[in-house]
Amino acid sequence: MICPICQEKLIQKEKSFQCVHSHNFDIAKQGYVNLLMSASKVSGDSKEMVLARHHFLNHGYYDILKNKLEDLIQEYQPEVLVDLACGEGYYTKGMAQHAKQCFGIDLSKDALKLASREDKNSQYILASIFHVPMENESVDVITNIFAPAPLEEVERLLKKDGIYLRVAPHVHHLYDFKRILYTEVYENEIEILEHDSLKLIRQERITDEILIENNQDIQDLFMMTPYYWKSNKDSAQKLEALEKCKTIIDFDIQIYRKES
Ligand SMILES: C[S@@+](CC[C@H](N)C(=O)[O-])C[C@H]1O[C@@H](n2cnc3c(N)ncnc32)[C@H](O)[C@@H]1O
Ligand SMILES: [Zn+2]
């Protein structure tokens, strides 16, 4: 980790991190550290969104993805793993078990409070994934799950031959769920990222069908998707009385290697 003010290395001193110029960053009681410059106004997911995702994921609906990610990290055995836009650390926590050191970066304080309370193996950092307070070429594996892809930072942070693992919705992700909300439903588009030194070396598709068995879980899923923000009142009302919902889940895992 580096100081966001002077870019010198940060060293842990009891309950804070400090650089040689005595810039000091306290570790919150839950364990995360705030390395956001105070002028930054951006904020990540709200408490409401974080709690909805936390409840939904902890009911195990996406465990097929969680298990796959843990297997992949075990295969790559990174010394340093960084999960960019880690949210409340649902995937980070399991992946951290297969890395020597693990960092989770997110802009949402509410997400990091939960993450750092539940996972003491990782250091959670409040920062933007577009300005990561870590040294150049210091990371073996970067994960980036359901979040924007900060390719410049990925390239800067990765060691040579480092791995960038990105998860995005595959074409049919939540297809049946969307059919409840909309009359016309489109398939998701798959995007292969183009960047000078990042080469796609592997792509895996994980598909399953889940049965959501109560309205609270359906509402939580709705809130963690972009449809929550895009849907009109009519669509939201269709979910109000729904007690069960069977839907396809469909994930695209793309693995890139930094070539030079
Ligand atoms: C859809 S959630 C995914 C969270 C987690 N990866 C997961 O799959 O459970 C997107 C996350 O990105 C975070 N986020 C959005 N923009 C960000 C940014 N510029 N820097 C850091 N985090 C950001 C949000 O706070 C949120 O936690
Ligand atoms: Zn400093």
# chains A, B, ... in the order shown; residues from 1 in each chain; ligands from 1
>>> closest_atom_pairs(of="chain A", to="ligand 2", cutoff="7 Å", atoms="only C-alpha atoms and all ligand atoms", output="JSON lines")
{"residue": "A:Cys3", "atom": "CA", "partner": "ligand 2", "partner_atom_place_in_ligand_line": "1 (Zn)", "distance": 4.6}
{"residue": "A:Pro4", "atom": "CA", "partner": "ligand 2", "partner_atom_place_in_ligand_line": "1 (Zn)", "distance": 6.7}
{"residue": "A:Ile5", "atom": "CA", "partner": "ligand 2", "partner_atom_place_in_ligand_line": "1 (Zn)", "distance": 5.0}
{"residue": "A:Cys6", "atom": "CA", "partner": "ligand 2", "partner_atom_place_in_ligand_line": "1 (Zn)", "distance": 4.1}
{"residue": "A:Gln7", "atom": "CA", "partner": "ligand 2", "partner_atom_place_in_ligand_line": "1 (Zn)", "distance": 6.0}
{"residue": "A:Glu8", "atom": "CA", "partner": "ligand 2", "partner_atom_place_in_ligand_line": "1 (Zn)", "distance": 5.6}
{"residue": "A:Cys19", "atom": "CA", "partner": "ligand 2", "partner_atom_place_in_ligand_line": "1 (Zn)", "distance": 4.8}
{"residue": "A:Val20", "atom": "CA", "partner": "ligand 2", "partner_atom_place_in_ligand_line": "1 (Zn)", "distance": 6.5}
{"residue": "A:His21", "atom": "CA", "partner": "ligand 2", "partner_atom_place_in_ligand_line": "1 (Zn)", "distance": 5.1}
{"residue": "A:Ser22", "atom": "CA", "partner": "ligand 2", "partner_atom_place_in_ligand_line": "1 (Zn)", "distance": 6.4}
{"residue": "A:His23", "atom": "CA", "partner": "ligand 2", "partner_atom_place_in_ligand_line": "1 (Zn)", "distance": 4.6}
>>> write_last_selection(atoms="all heavy atoms", output="short mmCIF file (atom, residue, chain, number, x, y, z; two decimals), in the first residue's frame")
data_model
loop_
_atom_site.label_atom_id
_atom_site.label_comp_id
_atom_site.auth_asym_id
_atom_site.auth_seq_id
_atom_site.Cartn_x
_atom_site.Cartn_y
_atom_site.Cartn_z
N CYS A 3 1.01 5.73 0.22
CA CYS A 3 0.33 6.93 0.71
C CYS A 3 -0.35 7.65 -0.46
O CYS A 3 0.30 7.92 -1.47
CB CYS A 3 1.37 7.82 1.38
SG CYS A 3 0.72 9.42 1.86
N PRO A 4 -1.64 7.99 -0.32
CA PRO A 4 -2.30 8.67 -1.44
C PRO A 4 -1.84 10.12 -1.60
O PRO A 4 -2.12 10.74 -2.62
CB PRO A 4 -3.78 8.61 -1.04
CG PRO A 4 -3.80 8.42 0.43
CD PRO A 4 -2.55 7.70 0.80
N ILE A 5 -1.10 10.65 -0.60
CA ILE A 5 -0.64 12.05 -0.69
C ILE A 5 0.74 12.12 -1.36
O ILE A 5 0.95 12.88 -2.30
CB ILE A 5 -0.60 12.69 0.71
CG1 ILE A 5 -2.00 12.63 1.33
CG2 ILE A 5 -0.08 14.15 0.64
CD1 ILE A 5 -2.05 12.95 2.81
N CYS A 6 1.69 11.29 -0.89
CA CYS A 6 3.06 11.43 -1.40
C CYS A 6 3.55 10.16 -2.13
O CYS A 6 4.67 10.13 -2.63
CB CYS A 6 4.01 11.78 -0.26
SG CYS A 6 4.17 10.44 0.93
N GLN A 7 2.73 9.13 -2.16
CA GLN A 7 3.04 7.88 -2.87
C GLN A 7 4.18 7.06 -2.26
O GLN A 7 4.69 6.14 -2.89
CB GLN A 7 3.34 8.11 -4.38
CG GLN A 7 2.10 8.21 -5.26
CD GLN A 7 1.34 9.50 -5.07
OE1 GLN A 7 1.94 10.56 -5.09
NE2 GLN A 7 0.05 9.43 -4.86
N GLU A 8 4.61 7.42 -1.05
CA GLU A 8 5.62 6.59 -0.37
C GLU A 8 4.92 5.38 0.26
O GLU A 8 3.71 5.41 0.50
CB GLU A 8 6.32 7.41 0.73
CG GLU A 8 7.13 8.59 0.23
CD GLU A 8 8.42 8.19 -0.48
OE1 GLU A 8 8.80 7.00 -0.43
OE2 GLU A 8 9.03 9.08 -1.09
N CYS A 19 3.29 6.94 6.42
CA CYS A 19 4.39 6.97 5.46
C CYS A 19 5.57 7.71 6.11
O CYS A 19 5.45 8.21 7.23
CB CYS A 19 3.95 7.68 4.18
SG CYS A 19 3.69 9.44 4.45
N VAL A 20 6.70 7.80 5.39
CA VAL A 20 7.88 8.46 5.97
C VAL A 20 7.64 9.95 6.22
O VAL A 20 8.35 10.57 7.01
CB VAL A 20 9.14 8.34 5.06
CG1 VAL A 20 9.75 6.97 5.14
CG2 VAL A 20 8.83 8.71 3.61
N HIS A 21 6.65 10.51 5.55
CA HIS A 21 6.36 11.94 5.77
C HIS A 21 5.30 12.14 6.85
O HIS A 21 4.72 13.23 6.96
CB HIS A 21 5.90 12.59 4.45
CG HIS A 21 6.96 12.56 3.40
ND1 HIS A 21 6.77 11.97 2.16
CD2 HIS A 21 8.23 13.00 3.42
CE1 HIS A 21 7.89 12.07 1.46
NE2 HIS A 21 8.79 12.67 2.19
N SER A 22 5.07 11.10 7.61
CA SER A 22 4.11 11.14 8.73
C SER A 22 2.66 11.43 8.32
O SER A 22 1.88 11.93 9.13
CB SER A 22 4.52 12.18 9.80
OG SER A 22 5.76 11.84 10.29
N HIS A 23 2.32 11.16 7.07
CA HIS A 23 0.89 11.17 6.73
C HIS A 23 0.29 9.94 7.40
O HIS A 23 0.83 8.84 7.28
CB HIS A 23 0.69 11.13 5.21
CG HIS A 23 1.27 12.32 4.51
ND1 HIS A 23 2.12 12.21 3.43
CD2 HIS A 23 1.12 13.63 4.76
CE1 HIS A 23 2.47 13.43 3.04
NE2 HIS A 23 1.88 14.31 3.82
#
>>> residues_around(residues="Ile73 in chain A", least_positions_apart="2", cutoff="9 Å", atoms="only C-alpha atoms", output="number ranges by chain")
A: 68-71, 75-78, 81, 95-99, 141
>>> write_last_selection(atoms="all heavy atoms", output="compact mmCIF listing (two decimals), in the first residue's frame")
# COMPACT_ATOMS: atom_id res chain seq x y z
N LYS A 68 -16.31 -21.54 -7.80
CA LYS A 68 -15.46 -21.52 -9.00
C LYS A 68 -14.31 -20.52 -8.82
O LYS A 68 -13.15 -20.80 -9.16
CB LYS A 68 -16.31 -21.15 -10.22
CG LYS A 68 -15.55 -21.09 -11.51
CD LYS A 68 -15.10 -22.47 -11.96
CE LYS A 68 -14.16 -22.41 -13.12
NZ LYS A 68 -13.70 -23.72 -13.55
N LEU A 69 -14.63 -19.36 -8.26
CA LEU A 69 -13.59 -18.34 -8.08
C LEU A 69 -12.52 -18.82 -7.10
O LEU A 69 -11.33 -18.61 -7.31
CB LEU A 69 -14.21 -17.02 -7.58
CG LEU A 69 -15.07 -16.28 -8.61
CD1 LEU A 69 -15.80 -15.11 -7.97
CD2 LEU A 69 -14.21 -15.80 -9.77
N GLU A 70 -12.97 -19.50 -6.05
CA GLU A 70 -11.99 -20.02 -5.08
C GLU A 70 -11.08 -21.06 -5.74
O GLU A 70 -9.87 -21.06 -5.53
CB GLU A 70 -12.72 -20.59 -3.85
CG GLU A 70 -13.29 -19.46 -3.01
CD GLU A 70 -14.15 -19.93 -1.86
OE1 GLU A 70 -13.96 -21.05 -1.37
OE2 GLU A 70 -15.03 -19.14 -1.44
N ASP A 71 -11.67 -21.91 -6.58
CA ASP A 71 -10.85 -22.92 -7.29
C ASP A 71 -9.83 -22.24 -8.18
O ASP A 71 -8.68 -22.66 -8.26
CB ASP A 71 -11.74 -23.82 -8.17
CG ASP A 71 -12.57 -24.77 -7.34
OD1 ASP A 71 -12.33 -24.85 -6.12
OD2 ASP A 71 -13.50 -25.40 -7.90
N GLU A 75 -5.73 -22.26 -7.98
CA GLU A 75 -4.90 -22.68 -9.11
C GLU A 75 -3.76 -21.69 -9.36
O GLU A 75 -2.63 -22.08 -9.60
CB GLU A 75 -5.82 -22.71 -10.34
CG GLU A 75 -5.42 -23.69 -11.40
CD GLU A 75 -6.42 -23.62 -12.55
OE1 GLU A 75 -7.61 -23.98 -12.35
OE2 GLU A 75 -6.02 -23.20 -13.62
N TYR A 76 -4.05 -20.39 -9.27
CA TYR A 76 -3.03 -19.38 -9.58
C TYR A 76 -2.11 -19.08 -8.39
O TYR A 76 -1.04 -18.52 -8.57
CB TYR A 76 -3.69 -18.09 -10.09
CG TYR A 76 -4.24 -18.24 -11.49
CD1 TYR A 76 -5.60 -18.25 -11.73
CD2 TYR A 76 -3.38 -18.45 -12.57
CE1 TYR A 76 -6.10 -18.42 -13.03
CE2 TYR A 76 -3.87 -18.62 -13.86
CZ TYR A 76 -5.24 -18.60 -14.07
OH TYR A 76 -5.72 -18.78 -15.35
N GLN A 77 -2.55 -19.44 -7.16
CA GLN A 77 -1.74 -19.25 -5.95
C GLN A 77 -1.01 -17.91 -5.88
O GLN A 77 0.23 -17.87 -5.81
CB GLN A 77 -0.70 -20.37 -5.89
CG GLN A 77 -1.31 -21.73 -5.86
CD GLN A 77 -0.54 -22.69 -4.98
OE1 GLN A 77 0.66 -22.56 -4.78
NE2 GLN A 77 -1.23 -23.67 -4.45
N PRO A 78 -1.71 -16.81 -5.88
CA PRO A 78 -1.03 -15.51 -5.85
C PRO A 78 -0.40 -15.20 -4.49
O PRO A 78 -0.91 -15.61 -3.46
CB PRO A 78 -2.18 -14.52 -6.11
CG PRO A 78 -3.40 -15.23 -5.65
CD PRO A 78 -3.18 -16.69 -5.87
N LEU A 81 -3.09 -10.73 -3.89
CA LEU A 81 -4.37 -10.73 -4.60
C LEU A 81 -5.10 -9.43 -4.27
O LEU A 81 -5.13 -9.02 -3.11
CB LEU A 81 -5.21 -11.92 -4.10
CG LEU A 81 -6.69 -11.98 -4.49
CD1 LEU A 81 -6.85 -12.22 -5.99
CD2 LEU A 81 -7.40 -13.09 -3.73
N MET A 95 -11.67 -16.21 -1.53
CA MET A 95 -10.49 -16.19 -2.40
C MET A 95 -9.23 -15.91 -1.58
O MET A 95 -8.15 -16.43 -1.88
CB MET A 95 -10.65 -15.12 -3.49
CG MET A 95 -11.81 -15.41 -4.44
SD MET A 95 -11.85 -14.32 -5.89
CE MET A 95 -12.05 -12.70 -5.19
N ALA A 96 -9.37 -15.10 -0.53
CA ALA A 96 -8.22 -14.70 0.30
C ALA A 96 -7.53 -15.91 0.94
O ALA A 96 -6.34 -15.88 1.22
CB ALA A 96 -8.67 -13.73 1.38
N GLN A 97 -8.30 -16.97 1.14
CA GLN A 97 -7.73 -18.16 1.77
C GLN A 97 -6.64 -18.80 0.91
O GLN A 97 -5.85 -19.61 1.38
CB GLN A 97 -8.82 -19.20 2.04
CG GLN A 97 -9.78 -18.75 3.11
CD GLN A 97 -11.02 -19.62 3.16
OE1 GLN A 97 -11.13 -20.59 2.43
NE2 GLN A 97 -11.95 -19.25 4.01
N HIS A 98 -6.62 -18.46 -0.38
CA HIS A 98 -5.65 -19.07 -1.30
C HIS A 98 -4.57 -18.09 -1.74
O HIS A 98 -3.89 -18.32 -2.72
CB HIS A 98 -6.37 -19.65 -2.51
CG HIS A 98 -7.48 -20.58 -2.13
ND1 HIS A 98 -7.25 -21.80 -1.53
CD2 HIS A 98 -8.82 -20.44 -2.18
CE1 HIS A 98 -8.41 -22.37 -1.26
NE2 HIS A 98 -9.38 -21.57 -1.65
N ALA A 99 -4.46 -16.96 -1.03
CA ALA A 99 -3.43 -15.97 -1.37
C ALA A 99 -2.62 -15.68 -0.10
O ALA A 99 -3.14 -15.80 1.01
CB ALA A 99 -4.09 -14.69 -1.86
N VAL A 141 -2.50 -11.27 -8.85
CA VAL A 141 -3.83 -11.52 -9.41
C VAL A 141 -4.78 -10.39 -9.00
O VAL A 141 -4.85 -10.03 -7.82
CB VAL A 141 -4.40 -12.89 -8.95
CG1 VAL A 141 -5.84 -13.05 -9.44
CG2 VAL A 141 -3.56 -14.05 -9.46
>>> residues_around(residues="Ile180 in chain A", least_positions_apart="5", cutoff="10 Å", atoms="only C-alpha atoms", output="list in words")
Tyr175, Val185, Ser235, Ala236, Lys238, Leu239, Leu242 and Cys245 of chain A
>>> residues_near_ligand(ligand="ligand 1", cutoff="10 Å", atoms="only C-alpha atoms and all ligand atoms", output="NGL selection string")
:A and (42-47 or 49-50 or 53-54 or 57 or 62 or 65-66 or 83-92 or 104-112 or 125-132 or 143-150 or 166-168 or 224-226)
>>> select_by_dssp(residues="range 25-199 of chain A", states="helix (DSSP H, G or I)", output="ChimeraX atom specification")
/A:47-58,63-76,90-96,109-118,151-157,175-181
>>> select_by_dssp(residues="range 8-223 of chain A", states="strand (DSSP E)", output="NGL selection string")
:A and (11-13 or 16-18 or 24-26 or 33-34 or 80-84 or 101-106 or 122-126 or 139-145 or 158-169 or 198-212)
>>> decode(residues="range 228-241 of chain A", atoms="all heavy atoms", output="mmCIF file, in the first residue's frame")
data_model
loop_
_atom_site.group_PDB
_atom_site.id
_atom_site.type_symbol
_atom_site.label_atom_id
_atom_site.label_comp_id
_atom_site.auth_asym_id
_atom_site.auth_seq_id
_atom_site.Cartn_x
_atom_site.Cartn_y
_atom_site.Cartn_z
ATOM 1 N N TYR A 228 -33.228 -2.244 -10.977
ATOM 2 C CA TYR A 228 -33.835 -1.492 -9.876
ATOM 3 C C TYR A 228 -33.895 -0.002 -10.224
ATOM 4 O O TYR A 228 -34.847 0.685 -9.937
ATOM 5 C CB TYR A 228 -33.012 -1.703 -8.604
ATOM 6 C CG TYR A 228 -33.533 -0.993 -7.391
ATOM 7 C CD1 TYR A 228 -34.674 -1.452 -6.735
ATOM 8 C CD2 TYR A 228 -32.888 0.133 -6.884
ATOM 9 C CE1 TYR A 228 -35.158 -0.804 -5.611
ATOM 10 C CE2 TYR A 228 -33.367 0.786 -5.762
ATOM 11 C CZ TYR A 228 -34.495 0.310 -5.131
ATOM 12 O OH TYR A 228 -34.960 0.959 -4.021
ATOM 13 N N TRP A 229 -32.829 0.482 -10.851
ATOM 14 C CA TRP A 229 -32.727 1.904 -11.174
ATOM 15 C C TRP A 229 -33.417 2.226 -12.496
ATOM 16 O O TRP A 229 -33.847 3.344 -12.727
ATOM 17 C CB TRP A 229 -31.249 2.328 -11.229
ATOM 18 C CG TRP A 229 -30.560 1.912 -9.971
ATOM 19 C CD1 TRP A 229 -29.721 0.846 -9.789
ATOM 20 C CD2 TRP A 229 -30.711 2.511 -8.671
ATOM 21 N NE1 TRP A 229 -29.341 0.749 -8.479
ATOM 22 C CE2 TRP A 229 -29.936 1.762 -7.776
ATOM 23 C CE3 TRP A 229 -31.435 3.605 -8.186
ATOM 24 C CZ2 TRP A 229 -29.853 2.066 -6.426
ATOM 25 C CZ3 TRP A 229 -31.349 3.914 -6.838
ATOM 26 C CH2 TRP A 229 -30.573 3.146 -5.976
ATOM 27 N N LYS A 230 -33.508 1.211 -13.370
ATOM 28 C CA LYS A 230 -34.063 1.475 -14.706
ATOM 29 C C LYS A 230 -35.564 1.231 -14.786
ATOM 30 O O LYS A 230 -36.231 1.755 -15.661
ATOM 31 C CB LYS A 230 -33.390 0.548 -15.732
ATOM 32 C CG LYS A 230 -31.950 0.906 -16.041
ATOM 33 C CD LYS A 230 -31.453 0.022 -17.166
ATOM 34 C CE LYS A 230 -29.958 -0.100 -17.173
ATOM 35 N NZ LYS A 230 -29.509 -1.338 -17.775
ATOM 36 N N SER A 231 -36.094 0.406 -13.878
ATOM 37 C CA SER A 231 -37.483 -0.039 -14.028
ATOM 38 C C SER A 231 -38.476 1.045 -13.602
ATOM 39 O O SER A 231 -38.193 1.836 -12.715
ATOM 40 C CB SER A 231 -37.740 -1.271 -13.170
ATOM 41 O OG SER A 231 -36.899 -2.301 -13.586
ATOM 42 N N ASN A 232 -39.643 1.007 -14.220
ATOM 43 C CA ASN A 232 -40.679 1.940 -13.784
ATOM 44 C C ASN A 232 -41.491 1.290 -12.659
ATOM 45 O O ASN A 232 -41.253 0.144 -12.287
ATOM 46 C CB ASN A 232 -41.567 2.331 -14.973
ATOM 47 C CG ASN A 232 -42.169 1.104 -15.619
ATOM 48 O OD1 ASN A 232 -42.406 0.097 -14.956
ATOM 49 N ND2 ASN A 232 -42.405 1.175 -16.911
ATOM 50 N N LYS A 233 -42.457 2.046 -12.120
ATOM 51 C CA LYS A 233 -43.244 1.567 -10.967
ATOM 52 C C LYS A 233 -43.976 0.270 -11.270
ATOM 53 O O LYS A 233 -44.066 -0.615 -10.431
ATOM 54 C CB LYS A 233 -44.248 2.639 -10.552
ATOM 55 C CG LYS A 233 -43.718 3.549 -9.487
ATOM 56 C CD LYS A 233 -44.877 4.302 -8.880
ATOM 57 C CE LYS A 233 -44.360 5.301 -7.848
ATOM 58 N NZ LYS A 233 -45.227 6.446 -7.694
ATOM 59 N N ASP A 234 -44.526 0.170 -12.504
ATOM 60 C CA ASP A 234 -45.287 -1.030 -12.885
ATOM 61 C C ASP A 234 -44.440 -2.286 -12.742
ATOM 62 O O ASP A 234 -44.891 -3.306 -12.235
ATOM 63 C CB ASP A 234 -45.746 -0.927 -14.349
ATOM 64 C CG ASP A 234 -46.851 0.089 -14.509
ATOM 65 O OD1 ASP A 234 -47.324 0.580 -13.457
ATOM 66 O OD2 ASP A 234 -47.212 0.381 -15.656
ATOM 67 N N SER A 235 -43.204 -2.174 -13.201
ATOM 68 C CA SER A 235 -42.322 -3.344 -13.131
ATOM 69 C C SER A 235 -42.082 -3.729 -11.674
ATOM 70 O O SER A 235 -42.153 -4.902 -11.303
ATOM 71 C CB SER A 235 -40.968 -3.043 -13.774
ATOM 72 O OG SER A 235 -41.148 -2.555 -15.056
ATOM 73 N N ALA A 236 -41.816 -2.738 -10.847
ATOM 74 C CA ALA A 236 -41.547 -3.020 -9.436
ATOM 75 C C ALA A 236 -42.773 -3.643 -8.772
ATOM 76 O O ALA A 236 -42.646 -4.554 -7.947
ATOM 77 C CB ALA A 236 -41.147 -1.741 -8.724
ATOM 78 N N GLN A 237 -43.978 -3.184 -9.185
ATOM 79 C CA GLN A 237 -45.205 -3.725 -8.588
ATOM 80 C C GLN A 237 -45.397 -5.201 -8.912
ATOM 81 O O GLN A 237 -45.940 -5.954 -8.122
ATOM 82 C CB GLN A 237 -46.415 -2.924 -9.063
ATOM 83 C CG GLN A 237 -46.702 -1.773 -8.105
ATOM 84 C CD GLN A 237 -47.731 -0.820 -8.662
ATOM 85 O OE1 GLN A 237 -48.238 -1.016 -9.767
ATOM 86 N NE2 GLN A 237 -48.035 0.213 -7.905
ATOM 87 N N LYS A 238 -44.908 -5.606 -10.079
ATOM 88 C CA LYS A 238 -45.054 -7.018 -10.473
ATOM 89 C C LYS A 238 -44.316 -7.924 -9.488
ATOM 90 O O LYS A 238 -44.640 -9.087 -9.323
ATOM 91 C CB LYS A 238 -44.476 -7.229 -11.881
ATOM 92 C CG LYS A 238 -45.323 -6.619 -12.950
ATOM 93 C CD LYS A 238 -44.725 -6.915 -14.313
ATOM 94 C CE LYS A 238 -45.355 -6.008 -15.345
ATOM 95 N NZ LYS A 238 -44.543 -5.803 -16.521
ATOM 96 N N LEU A 239 -43.298 -7.381 -8.848
ATOM 97 C CA LEU A 239 -42.524 -8.202 -7.913
ATOM 98 C C LEU A 239 -43.134 -8.222 -6.509
ATOM 99 O O LEU A 239 -42.819 -9.088 -5.714
ATOM 100 C CB LEU A 239 -41.088 -7.673 -7.814
ATOM 101 C CG LEU A 239 -40.219 -7.759 -9.057
ATOM 102 C CD1 LEU A 239 -38.833 -7.239 -8.759
ATOM 103 C CD2 LEU A 239 -40.118 -9.198 -9.572
ATOM 104 N N GLU A 240 -44.020 -7.256 -6.256
ATOM 105 C CA GLU A 240 -44.507 -7.094 -4.887
ATOM 106 C C GLU A 240 -45.169 -8.341 -4.311
ATOM 107 O O GLU A 240 -44.963 -8.676 -3.159
ATOM 108 C CB GLU A 240 -45.483 -5.917 -4.799
ATOM 109 C CG GLU A 240 -44.787 -4.684 -4.276
ATOM 110 C CD GLU A 240 -45.657 -3.454 -4.380
ATOM 111 O OE1 GLU A 240 -46.903 -3.581 -4.376
ATOM 112 O OE2 GLU A 240 -45.063 -2.358 -4.483
ATOM 113 N N ALA A 241 -45.986 -8.998 -5.160
ATOM 114 C CA ALA A 241 -46.735 -10.144 -4.644
ATOM 115 C C ALA A 241 -46.062 -11.479 -4.965
ATOM 116 O O ALA A 241 -46.602 -12.542 -4.675
ATOM 117 C CB ALA A 241 -48.134 -10.125 -5.232
#
